[in-house]
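Participant: Got a structure here, written out as structure tokens. Questions coming.
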Amino acid sequence: MCGGCGAKVGARALKATLSSAPEVQRADITPLPGDDAALLMTGGQRQVLSTDHLRAFTADPVVMARIAAVHALGDIWAMGAAPQAATANLILPKLSPELQARTLREIMVAAGKIIRDAGADIVGGHTSVGDELTIGFSVTGLCHRQPITLAGAQPGDALILTKPLGTGVIMAAEMTGAADGAFVAGALTSMSQLQGQAAELLCGAHAMTDVTGFGLLGHLLGICEASKLGAEIRLDAIPYLTGAATLATQGIRSSLFAENAAQLPEISTGGVQDLLFDPQTAGGLLAALPMRQAEALLPQLRTHAPNAAIIGRMSETAGAITLV
């Protein structure tokens with residue numbers, strides 16, 4: 001199972017439906033096929049808009065609120081935009097009026113701090129009652145230059161990943177009681193890590209995305225298809241969360257693993273290699289930029305994203321992802 005990745009269920013079908021829909025009619029909307037955020041022109045200012053939500057996978061509403069806010073901000077950072085405003089979309093479980101009010105207050109205080117630390121403000125929202133806690137945010141951001149999209153990577157570009165992989169397998173193990181508490185604590189800390197400063201350092205990237213429900217290779221495939229290129233990934237360079245490799249070798253997988261792996265059937269699975277398809281919650285940024293620039297940037301990037309690594313490069317073989 002993967003409680004944190006439920007928001008991605010059906011996402012491929014939704015994107016396919018949108019791509020086949022009639023072209024947008026408004027001149028102030030720029031279609032960006034494959035990207036998770038929309039580009040709008042508002043008063044001559046480039047503005048990006050995105051929305052995301054998570055079903056609770058931890059009983060602590062404060063931790064869940066922080067992670068959901070970071071998760072929602074990912075699409076804004078990935079496009080090189082500065083977060084501007086957010087609205088909250090909450091489904092609260094059935095509780096006593098007193099406990100419901102306290103839970104709502106704890107969520108908004110925790111999420112508000114994350115959003116403000118990112119440079120934005122929560123300006124409103126909507127709440128309803130359901131069977132389980134779900135926290136989501138619609139977020140806008142401002143682009144002071146052309147947004148960074150999936151299309152634009154160049155042959156030879158380095159691929160930088162800013163966070164380690166493994167949140168899906170660790171939370172799947174936690175749901176069955178198979179995960180060490182230290183593994184879970186490390187995953188929750190990673191998911192709560194803001195990426196605004198890392199995104200600012202990567203503002204010169206040719207292409208960028210955030211690694212979430214489709215897994216590392218699923219999101220890399222999006223860059224490859226949009227940029228009409230391929231990629232080579234160095235398995236020994238990929239950072240993993242503590243415990244992720246151990247759990248993967250035990251055969252533990254997220255419920256979204258099979259769907260993710262089916263997108264690249266030519267790549268074998270099993271053991272640690274499963275983590276290439278592990279769905280991430282509030283995962284890292286994946287950026288394509290010139291190799292020399294990436295190498296020079298990495299030490300400074302690691303002051304904000306300690307596990308940031310160059311994990312491969314873009315190649316000229318369109319659509320092909322190979323493992324080195």
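Identifiers for the structure tokens are assigned positionally: chains receive A, B, ... in sequence, residues are indexed from 1 per chain, and ligands are indexed from 1 in the order shown.
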I'd like the contact shell of Thr212 of chain A - 10 Å cut-off, only C-alpha atoms, skipping same-chain residues fewer than 4 positions apart - returned as a list in words.

Facilitator: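 Here the qualifying residues turn out to be Gly4, Cys5, Ala7, Lys8, His71, Gly74, Asp75, Leu165, Thr167, Gly168, Leu216, Gly218, His219, Asp278, Pro279, Gln280, Thr281, Ala282, Gly283, Gly284 and Leu285 of chain A.
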
Participant: Just list the residues in segment 89-294 of chain A DSSP gives alpha helix (DSSP H) on the backbone, as a PyMOL selection string.

Facilitator: chain A and resi 97-117+167-175+181-191+196-201+215-227+244-249+257-261+291-294

Participant: Using only C-alpha atoms, determine which residues lie at most 8 Å from Ile76 of chain A, disregarding the query and same-chain residues fewer than 3 positions distant; provide the list as an mmCIF file with N, CA, C and O atoms, in the first residue's frame.

Facilitator:
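This is the output file part-v5.cif:
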data_model
loop_
_atom_site.group_PDB
_atom_site.id
_atom_site.type_symbol
_atom_site.label_atom_id
_atom_site.label_comp_id
_atom_site.auth_asym_id
_atom_site.auth_seq_id
_atom_site.Cartn_x
_atom_site.Cartn_y
_atom_site.Cartn_z
ATOM 1 N N ALA A 37 1.660 21.887 -13.635
ATOM 2 C CA ALA A 37 1.153 23.229 -13.356
ATOM 3 C C ALA A 37 0.762 23.924 -14.656
ATOM 4 O O ALA A 37 1.374 23.702 -15.699
ATOM 5 N N VAL A 48 1.907 30.519 -12.396
ATOM 6 C CA VAL A 48 1.643 29.090 -12.534
ATOM 7 C C VAL A 48 0.651 28.667 -11.453
ATOM 8 O O VAL A 48 0.627 29.227 -10.351
ATOM 9 N N LEU A 49 -0.148 27.672 -11.769
ATOM 10 C CA LEU A 49 -1.216 27.218 -10.885
ATOM 11 C C LEU A 49 -1.195 25.700 -10.830
ATOM 12 O O LEU A 49 -1.122 25.027 -11.867
ATOM 13 N N SER A 50 -1.239 25.156 -9.601
ATOM 14 C CA SER A 50 -1.242 23.704 -9.444
ATOM 15 C C SER A 50 -2.085 23.323 -8.235
ATOM 16 O O SER A 50 -2.382 24.158 -7.366
ATOM 17 N N ALA A 72 2.482 19.843 -2.269
ATOM 18 C CA ALA A 72 1.760 20.724 -3.186
ATOM 19 C C ALA A 72 2.659 21.803 -3.774
ATOM 20 O O ALA A 72 2.474 22.230 -4.923
ATOM 21 N N LEU A 73 3.628 22.266 -3.005
ATOM 22 C CA LEU A 73 4.548 23.299 -3.490
ATOM 23 C C LEU A 73 5.517 22.768 -4.547
ATOM 24 O O LEU A 73 6.111 23.543 -5.296
ATOM 25 N N MET A 79 8.833 24.381 -11.645
ATOM 26 C CA MET A 79 8.727 25.245 -12.813
ATOM 27 C C MET A 79 9.527 26.529 -12.653
ATOM 28 O O MET A 79 9.428 27.439 -13.468
ATOM 29 N N GLY A 80 10.334 26.591 -11.589
ATOM 30 C CA GLY A 80 11.167 27.765 -11.382
ATOM 31 C C GLY A 80 10.402 28.973 -10.915
ATOM 32 O O GLY A 80 10.855 30.113 -11.077
ATOM 33 N N ALA A 81 9.231 28.751 -10.311
ATOM 34 C CA ALA A 81 8.389 29.859 -9.865
ATOM 35 C C ALA A 81 8.534 30.088 -8.366
ATOM 36 O O ALA A 81 8.940 29.186 -7.626
ATOM 37 N N ALA A 82 8.190 31.284 -7.925
ATOM 38 C CA ALA A 82 8.190 31.637 -6.507
ATOM 39 C C ALA A 82 6.773 31.474 -5.973
ATOM 40 O O ALA A 82 5.843 32.113 -6.483
ATOM 41 N N PRO A 83 6.555 30.626 -4.959
ATOM 42 C CA PRO A 83 5.206 30.441 -4.423
ATOM 43 C C PRO A 83 4.568 31.774 -4.033
ATOM 44 O O PRO A 83 5.227 32.649 -3.465
ATOM 45 N N VAL A 139 -2.116 25.905 -5.269
ATOM 46 C CA VAL A 139 -1.029 26.866 -5.067
ATOM 47 C C VAL A 139 -0.752 27.628 -6.358
ATOM 48 O O VAL A 139 -0.787 27.057 -7.453
ATOM 49 N N THR A 140 -0.495 28.913 -6.212
ATOM 50 C CA THR A 140 -0.042 29.715 -7.344
ATOM 51 C C THR A 140 1.397 30.160 -7.097
ATOM 52 O O THR A 140 1.858 30.247 -5.956
ATOM 53 N N GLY A 141 2.097 30.418 -8.192
ATOM 54 C CA GLY A 141 3.462 30.927 -8.109
ATOM 55 C C GLY A 141 3.708 31.922 -9.213
ATOM 56 O O GLY A 141 3.011 31.920 -10.240
#

Participant: Counting only C-alpha atoms, which residues of segment 184-246 of chain A sit at most 8 Å from some atom of segment 258-276 of chain A, and what is each one's closest atom pair with its distance in Å to one decimal, listed by chain and rising residue number, as CSV?

Facilitator:
residue,atom,partner,partner_atom,distance
A:Phe214,CA,A:Asn260,CA,5.7
A:Gly215,CA,A:Leu276,CA,6.3
A:Leu216,CA,A:Leu276,CA,5.4
A:Leu217,CA,A:Leu276,CA,5.8
A:Gly218,CA,A:Asn260,CA,6.5
A:Ala244,CA,A:Leu275,CA,7.8
A:Ala245,CA,A:Val272,CA,5.3
A:Thr246,CA,A:Val272,CA,7.9

Participant: Those same residues - N, CA, C and O atoms - I'd like them written as a PDB file, in the first residue's frame.

Facilitator:
ATOM      1  N   PHE A 214       4.683   8.944  -9.814  1.00  0.00           N
ATOM      2  CA  PHE A 214       5.094   8.089 -10.913  1.00  0.00           C
ATOM      3  C   PHE A 214       6.483   7.487 -10.700  1.00  0.00           C
ATOM      4  O   PHE A 214       6.961   6.701 -11.525  1.00  0.00           O
ATOM      5  N   GLY A 215       7.163   7.855  -9.620  1.00  0.00           N
ATOM      6  CA  GLY A 215       8.496   7.329  -9.360  1.00  0.00           C
ATOM      7  C   GLY A 215       9.563   8.038 -10.183  1.00  0.00           C
ATOM      8  O   GLY A 215       9.263   8.808 -11.109  1.00  0.00           O
ATOM      9  N   LEU A 216      10.820   7.779  -9.849  1.00  0.00           N
ATOM     10  CA  LEU A 216      11.932   8.450 -10.532  1.00  0.00           C
ATOM     11  C   LEU A 216      11.885   8.251 -12.040  1.00  0.00           C
ATOM     12  O   LEU A 216      11.935   9.215 -12.810  1.00  0.00           O
ATOM     13  N   LEU A 217      11.788   6.997 -12.489  1.00  0.00           N
ATOM     14  CA  LEU A 217      11.850   6.758 -13.931  1.00  0.00           C
ATOM     15  C   LEU A 217      10.583   7.227 -14.639  1.00  0.00           C
ATOM     16  O   LEU A 217      10.641   7.643 -15.799  1.00  0.00           O
ATOM     17  N   GLY A 218       9.454   7.192 -13.974  1.00  0.00           N
ATOM     18  CA  GLY A 218       8.233   7.694 -14.592  1.00  0.00           C
ATOM     19  C   GLY A 218       8.312   9.181 -14.867  1.00  0.00           C
ATOM     20  O   GLY A 218       7.921   9.655 -15.935  1.00  0.00           O
ATOM     21  N   ALA A 244      15.342   2.005   2.953  1.00  0.00           N
ATOM     22  CA  ALA A 244      14.592   1.755   1.722  1.00  0.00           C
ATOM     23  C   ALA A 244      15.139   0.554   0.969  1.00  0.00           C
ATOM     24  O   ALA A 244      14.378  -0.307   0.504  1.00  0.00           O
ATOM     25  N   ALA A 245      16.450   0.477   0.835  1.00  0.00           N
ATOM     26  CA  ALA A 245      17.048  -0.642   0.110  1.00  0.00           C
ATOM     27  C   ALA A 245      16.795  -1.957   0.837  1.00  0.00           C
ATOM     28  O   ALA A 245      16.499  -2.988   0.210  1.00  0.00           O
ATOM     29  N   THR A 246      16.891  -1.932   2.159  1.00  0.00           N
ATOM     30  CA  THR A 246      16.640  -3.145   2.946  1.00  0.00           C
ATOM     31  C   THR A 246      15.227  -3.659   2.715  1.00  0.00           C
ATOM     32  O   THR A 246      15.006  -4.858   2.483  1.00  0.00           O
TER      33      THR A 246
END

Participant: Let me make sure I understand: among A:Gly152, A:Gly124, A:Gly177, A:Gly112, which one has the smallest atom-to-atom distance to Asn89 of chain A if we use only C-alpha atoms?

Facilitator: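 Using only C-alpha atoms, the shortest distance to Asn89 of chain A belongs to A:Gly124.
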
Participant: Give me the residues of segment 202-314 of chain A that have any atom at most 10 Å from an atom of segment 178-185 of chain A; for each, the nearest atom pair and the distance in Å, rounded to one decimal. Use only C-alpha atoms, sort by chain and number, and format it as CSV.

Facilitator:
residue,atom,partner,partner_atom,distance
A:Leu241,CA,A:Phe183,CA,7.7
A:Thr242,CA,A:Phe183,CA,5.9
A:Gly243,CA,A:Phe183,CA,5.4
A:Ala244,CA,A:Phe183,CA,7.7
A:Thr246,CA,A:Ala179,CA,9.8
A:Leu247,CA,A:Ala179,CA,7.7
A:Ile252,CA,A:Ala178,CA,9.1

Participant: Determine the nearest neighbour of His206 of chain A from the options A:Ile321, A:Met314, A:Ile122, A:Leu99, counting only C-alpha atoms.

Facilitator: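 Of all the options, A:Met314 lies closest to His206 of chain A.
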
Participant: Check which residues of segment 179-260 of chain A sit at most 10 Å from segment 316-320 of chain A using only C-alpha atoms, and return one row each with the closest pair of atoms and their distance in Å to one decimal, ordered by chain and rising number, as a Markdown table.

Facilitator:
| residue | atom | partner | partner_atom | distance |
| --- | --- | --- | --- | --- |
| A:Leu220 | CA | A:Gly319 | CA | 10.0 |
| A:Leu221 | CA | A:Gly319 | CA | 7.2 |
| A:Gly222 | CA | A:Gly319 | CA | 9.3 |
| A:Ile223 | CA | A:Gly319 | CA | 9.3 |
| A:Cys224 | CA | A:Gly319 | CA | 5.7 |
| A:Glu225 | CA | A:Gly319 | CA | 5.9 |
| A:Ala226 | CA | A:Gly319 | CA | 9.4 |
| A:Ser227 | CA | A:Ala318 | CA | 8.4 |
| A:Lys228 | CA | A:Ala318 | CA | 5.1 |
| A:Leu229 | CA | A:Ala318 | CA | 3.9 |
| A:Gly230 | CA | A:Ala320 | CA | 4.6 |
| A:Ala231 | CA | A:Ala320 | CA | 6.4 |
| A:Glu232 | CA | A:Ala320 | CA | 8.3 |

Participant: Measure the distance from atom CA of Met108 of chain A to atom CA of Met64 of chain A in Å and round it to one decimal.

Facilitator: 11.0 Å

Participant: If you run DSSP on the backbone here, which positions in segment 71-251 of chain A get strand (DSSP E)? Please write them as a compact mmCIF listing (two decimals) with all heavy atoms, in the first residue's frame.

Facilitator:
# COMPACT_ATOMS: atom_id res chain seq x y z
N ALA A 82 8.19 31.28 -7.92
CA ALA A 82 8.19 31.64 -6.51
C ALA A 82 6.77 31.47 -5.97
O ALA A 82 5.84 32.11 -6.48
CB ALA A 82 8.66 33.07 -6.31
N PRO A 83 6.55 30.63 -4.96
CA PRO A 83 5.21 30.44 -4.42
C PRO A 83 4.57 31.77 -4.03
O PRO A 83 5.23 32.65 -3.46
CB PRO A 83 5.43 29.55 -3.21
CG PRO A 83 6.67 28.76 -3.55
CD PRO A 83 7.54 29.74 -4.30
N GLN A 84 3.29 31.90 -4.33
CA GLN A 84 2.57 33.17 -4.12
C GLN A 84 1.43 33.03 -3.12
O GLN A 84 1.39 33.73 -2.11
CB GLN A 84 2.01 33.68 -5.46
CG GLN A 84 1.21 34.95 -5.37
CD GLN A 84 0.42 35.22 -6.65
OE1 GLN A 84 0.13 34.29 -7.42
NE2 GLN A 84 0.08 36.47 -6.89
N ALA A 85 0.49 32.15 -3.39
CA ALA A 85 -0.69 32.00 -2.53
C ALA A 85 -1.18 30.57 -2.58
O ALA A 85 -0.90 29.83 -3.53
CB ALA A 85 -1.80 32.96 -2.98
N ALA A 86 -1.93 30.19 -1.55
CA ALA A 86 -2.47 28.83 -1.48
C ALA A 86 -3.85 28.85 -0.85
O ALA A 86 -4.15 29.69 0.01
CB ALA A 86 -1.53 27.93 -0.67
N THR A 87 -4.69 27.93 -1.28
CA THR A 87 -5.95 27.67 -0.61
C THR A 87 -5.94 26.22 -0.13
O THR A 87 -5.40 25.34 -0.81
CB THR A 87 -7.17 27.89 -1.54
OG1 THR A 87 -7.05 27.05 -2.69
CG2 THR A 87 -7.27 29.34 -1.96
N ALA A 88 -6.50 25.98 1.04
CA ALA A 88 -6.50 24.64 1.64
C ALA A 88 -7.80 23.92 1.28
O ALA A 88 -8.87 24.51 1.25
CB ALA A 88 -6.38 24.77 3.15
N ASN A 89 -7.66 22.62 1.01
CA ASN A 89 -8.81 21.77 0.71
C ASN A 89 -8.74 20.57 1.65
O ASN A 89 -7.91 19.68 1.45
CB ASN A 89 -8.77 21.31 -0.75
CG ASN A 89 -8.61 22.48 -1.71
OD1 ASN A 89 -9.55 23.22 -1.93
ND2 ASN A 89 -7.42 22.65 -2.27
N LEU A 90 -9.58 20.55 2.67
CA LEU A 90 -9.46 19.57 3.75
C LEU A 90 -10.70 18.70 3.86
O LEU A 90 -11.83 19.19 3.79
CB LEU A 90 -9.24 20.28 5.09
CG LEU A 90 -8.12 21.33 5.15
CD1 LEU A 90 -8.10 21.97 6.53
CD2 LEU A 90 -6.78 20.70 4.84
N ILE A 91 -10.47 17.41 4.03
CA ILE A 91 -11.52 16.48 4.43
C ILE A 91 -11.15 15.98 5.82
O ILE A 91 -10.11 15.36 6.01
CB ILE A 91 -11.66 15.29 3.47
CG1 ILE A 91 -11.98 15.78 2.05
CG2 ILE A 91 -12.74 14.33 3.96
CD1 ILE A 91 -12.04 14.67 1.02
N LEU A 92 -11.98 16.31 6.81
CA LEU A 92 -11.72 15.92 8.18
C LEU A 92 -12.51 14.66 8.53
O LEU A 92 -13.66 14.50 8.07
CB LEU A 92 -12.11 17.04 9.14
CG LEU A 92 -11.35 18.37 8.97
CD1 LEU A 92 -11.93 19.41 9.92
CD2 LEU A 92 -9.87 18.18 9.23
N PRO A 93 -11.96 13.77 9.33
CA PRO A 93 -12.73 12.60 9.77
C PRO A 93 -13.82 13.02 10.74
O PRO A 93 -13.80 14.13 11.28
CB PRO A 93 -11.67 11.73 10.46
CG PRO A 93 -10.63 12.70 10.91
CD PRO A 93 -10.59 13.78 9.87
N ASP A 121 1.30 32.76 1.13
CA ASP A 121 0.31 32.86 2.20
C ASP A 121 -0.88 31.97 1.87
O ASP A 121 -1.26 31.83 0.70
CB ASP A 121 -0.19 34.30 2.37
CG ASP A 121 0.82 35.18 3.08
OD1 ASP A 121 1.16 34.88 4.23
OD2 ASP A 121 1.26 36.17 2.47
N ILE A 122 -1.50 31.40 2.91
CA ILE A 122 -2.77 30.70 2.73
C ILE A 122 -3.87 31.76 2.78
O ILE A 122 -3.98 32.51 3.74
CB ILE A 122 -2.99 29.64 3.82
CG1 ILE A 122 -1.93 28.54 3.72
CG2 ILE A 122 -4.38 29.03 3.69
CD1 ILE A 122 -2.07 27.44 4.75
N VAL A 123 -4.69 31.82 1.73
CA VAL A 123 -5.66 32.89 1.60
C VAL A 123 -7.10 32.41 1.73
O VAL A 123 -8.04 33.22 1.60
CB VAL A 123 -5.48 33.63 0.26
CG1 VAL A 123 -4.13 34.33 0.22
CG2 VAL A 123 -5.63 32.68 -0.92
N GLY A 124 -7.30 31.14 2.00
CA GLY A 124 -8.67 30.63 2.13
C GLY A 124 -8.69 29.13 1.97
O GLY A 124 -7.65 28.46 2.07
N GLY A 125 -9.87 28.58 1.74
CA GLY A 125 -9.97 27.15 1.54
C GLY A 125 -11.36 26.62 1.76
O GLY A 125 -12.34 27.39 1.85
N HIS A 126 -11.46 25.31 1.87
CA HIS A 126 -12.75 24.65 2.02
C HIS A 126 -12.55 23.39 2.86
O HIS A 126 -11.54 22.69 2.72
CB HIS A 126 -13.31 24.27 0.65
CG HIS A 126 -14.61 23.51 0.73
ND1 HIS A 126 -15.81 24.10 1.01
CD2 HIS A 126 -14.86 22.19 0.57
CE1 HIS A 126 -16.76 23.19 1.02
NE2 HIS A 126 -16.21 22.02 0.75
N THR A 127 -13.50 23.10 3.74
CA THR A 127 -13.45 21.88 4.54
C THR A 127 -14.74 21.09 4.37
O THR A 127 -15.80 21.66 4.11
CB THR A 127 -13.26 22.20 6.04
OG1 THR A 127 -14.38 22.94 6.52
CG2 THR A 127 -11.98 22.98 6.27
N SER A 128 -14.61 19.78 4.50
CA SER A 128 -15.78 18.90 4.51
C SER A 128 -15.45 17.72 5.42
O SER A 128 -14.33 17.62 5.94
CB SER A 128 -16.12 18.42 3.10
OG SER A 128 -15.03 17.71 2.53
N VAL A 129 -16.42 16.86 5.64
CA VAL A 129 -16.25 15.72 6.54
C VAL A 129 -16.35 14.43 5.73
O VAL A 129 -17.23 14.28 4.87
CB VAL A 129 -17.31 15.73 7.66
CG1 VAL A 129 -17.18 14.49 8.54
CG2 VAL A 129 -17.18 16.99 8.50
N GLY A 130 -15.42 13.50 5.99
CA GLY A 130 -15.42 12.22 5.29
C GLY A 130 -14.92 11.11 6.18
O GLY A 130 -14.83 11.25 7.40
N THR A 134 -7.87 13.98 4.73
CA THR A 134 -7.22 14.28 3.46
C THR A 134 -6.86 15.76 3.47
O THR A 134 -7.69 16.60 3.81
CB THR A 134 -8.14 13.97 2.27
OG1 THR A 134 -8.50 12.60 2.29
CG2 THR A 134 -7.45 14.28 0.95
N ILE A 135 -5.62 16.06 3.10
CA ILE A 135 -5.15 17.45 3.12
C ILE A 135 -4.61 17.80 1.74
O ILE A 135 -3.76 17.09 1.20
CB ILE A 135 -4.05 17.66 4.17
CG1 ILE A 135 -4.55 17.23 5.55
CG2 ILE A 135 -3.60 19.12 4.20
CD1 ILE A 135 -3.48 17.33 6.64
N GLY A 136 -5.10 18.89 1.19
CA GLY A 136 -4.63 19.33 -0.12
C GLY A 136 -4.53 20.84 -0.20
O GLY A 136 -5.11 21.57 0.62
N PHE A 137 -3.79 21.30 -1.20
CA PHE A 137 -3.63 22.74 -1.41
C PHE A 137 -3.61 23.04 -2.90
O PHE A 137 -3.01 22.30 -3.69
CB PHE A 137 -2.32 23.24 -0.79
CG PHE A 137 -2.25 23.06 0.70
CD1 PHE A 137 -1.69 21.92 1.24
CD2 PHE A 137 -2.79 24.01 1.56
CE1 PHE A 137 -1.64 21.72 2.61
CE2 PHE A 137 -2.75 23.83 2.93
CZ PHE A 137 -2.18 22.68 3.46
N SER A 138 -4.27 24.11 -3.27
CA SER A 138 -4.10 24.69 -4.60
C SER A 138 -3.14 25.86 -4.43
O SER A 138 -3.33 26.69 -3.54
CB SER A 138 -5.45 25.17 -5.16
OG SER A 138 -6.31 24.06 -5.35
N VAL A 139 -2.12 25.90 -5.27
CA VAL A 139 -1.03 26.87 -5.07
C VAL A 139 -0.75 27.63 -6.36
O VAL A 139 -0.79 27.06 -7.45
CB VAL A 139 0.27 26.14 -4.62
CG1 VAL A 139 1.32 27.15 -4.19
CG2 VAL A 139 -0.01 25.17 -3.48
N THR A 140 -0.49 28.91 -6.21
CA THR A 140 -0.04 29.72 -7.34
C THR A 140 1.40 30.16 -7.10
O THR A 140 1.86 30.25 -5.96
CB THR A 140 -0.91 30.97 -7.55
OG1 THR A 140 -0.84 31.80 -6.40
CG2 THR A 140 -2.35 30.60 -7.84
N GLY A 141 2.10 30.42 -8.19
CA GLY A 141 3.46 30.93 -8.11
C GLY A 141 3.71 31.92 -9.21
O GLY A 141 3.01 31.92 -10.24
N LEU A 142 4.69 32.79 -9.02
CA LEU A 142 5.03 33.81 -10.01
C LEU A 142 6.37 33.49 -10.65
O LEU A 142 7.33 33.15 -9.96
CB LEU A 142 5.08 35.19 -9.35
CG LEU A 142 3.78 35.68 -8.71
CD1 LEU A 142 4.00 37.03 -8.03
CD2 LEU A 142 2.67 35.78 -9.75
N CYS A 143 6.42 33.60 -11.97
CA CYS A 143 7.65 33.34 -12.73
C CYS A 143 8.22 34.68 -13.21
O CYS A 143 7.55 35.41 -13.95
CB CYS A 143 7.38 32.46 -13.95
SG CYS A 143 6.96 30.76 -13.57
N ALA A 158 23.45 17.02 -17.36
CA ALA A 158 23.47 16.22 -16.14
C ALA A 158 22.07 16.17 -15.55
O ALA A 158 21.27 17.10 -15.72
CB ALA A 158 24.43 16.83 -15.12
N LEU A 159 21.77 15.09 -14.85
CA LEU A 159 20.51 14.95 -14.14
C LEU A 159 20.79 15.02 -12.64
O LEU A 159 21.52 14.18 -12.10
CB LEU A 159 19.84 13.62 -14.49
CG LEU A 159 19.24 13.54 -15.90
CD1 LEU A 159 18.92 12.10 -16.26
CD2 LEU A 159 17.99 14.42 -16.01
N ILE A 160 20.25 16.02 -11.99
CA ILE A 160 20.42 16.19 -10.54
C ILE A 160 19.12 15.81 -9.84
O ILE A 160 18.04 16.25 -10.24
CB ILE A 160 20.80 17.64 -10.18
CG1 ILE A 160 22.27 17.90 -10.51
CG2 ILE A 160 20.55 17.92 -8.71
CD1 ILE A 160 22.76 19.28 -10.10
N LEU A 161 19.23 14.99 -8.79
CA LEU A 161 18.11 14.64 -7.93
C LEU A 161 18.40 15.21 -6.55
O LEU A 161 19.48 14.99 -6.00
CB LEU A 161 17.95 13.12 -7.86
CG LEU A 161 16.84 12.59 -6.94
CD1 LEU A 161 15.47 13.00 -7.47
CD2 LEU A 161 16.93 11.06 -6.84
N ALA A 207 15.39 21.75 -18.00
CA ALA A 207 14.12 21.07 -17.75
C ALA A 207 14.10 20.64 -16.29
O ALA A 207 15.16 20.38 -15.70
CB ALA A 207 13.95 19.86 -18.67
N MET A 208 12.90 20.57 -15.71
CA MET A 208 12.84 20.16 -14.30
C MET A 208 11.44 19.65 -13.98
O MET A 208 10.46 20.10 -14.56
CB MET A 208 13.21 21.33 -13.38
CG MET A 208 13.35 20.95 -11.91
SD MET A 208 14.43 22.07 -10.96
CE MET A 208 13.58 23.64 -11.11
N THR A 209 11.38 18.73 -13.04
CA THR A 209 10.12 18.21 -12.53
C THR A 209 10.34 17.82 -11.08
O THR A 209 11.47 17.83 -10.59
CB THR A 209 9.64 17.00 -13.36
OG1 THR A 209 8.33 16.62 -12.94
CG2 THR A 209 10.57 15.81 -13.20
N ASP A 210 9.26 17.50 -10.37
CA ASP A 210 9.42 16.93 -9.04
C ASP A 210 9.04 15.46 -9.10
O ASP A 210 8.13 15.06 -9.83
CB ASP A 210 8.59 17.69 -7.99
CG ASP A 210 7.09 17.66 -8.26
OD1 ASP A 210 6.70 17.63 -9.45
OD2 ASP A 210 6.31 17.68 -7.30
N GLY A 230 16.71 10.76 -24.67
CA GLY A 230 16.75 9.63 -23.77
C GLY A 230 17.58 9.99 -22.56
O GLY A 230 17.96 11.15 -22.36
N ALA A 231 17.87 9.00 -21.73
CA ALA A 231 18.64 9.26 -20.53
C ALA A 231 19.43 8.02 -20.11
O ALA A 231 19.01 6.89 -20.39
CB ALA A 231 17.73 9.70 -19.39
N GLU A 232 20.56 8.26 -19.48
CA GLU A 232 21.36 7.20 -18.88
C GLU A 232 21.42 7.46 -17.38
O GLU A 232 21.77 8.57 -16.95
CB GLU A 232 22.77 7.18 -19.46
CG GLU A 232 22.82 6.86 -20.95
CD GLU A 232 24.23 6.96 -21.51
OE1 GLU A 232 25.15 7.35 -20.74
OE2 GLU A 232 24.41 6.67 -22.70
N ILE A 233 21.08 6.46 -16.58
CA ILE A 233 21.04 6.59 -15.13
C ILE A 233 22.13 5.73 -14.50
O ILE A 233 22.27 4.55 -14.84
CB ILE A 233 19.66 6.17 -14.58
CG1 ILE A 233 18.58 7.12 -15.08
CG2 ILE A 233 19.66 6.15 -13.05
CD1 ILE A 233 18.74 8.54 -14.61
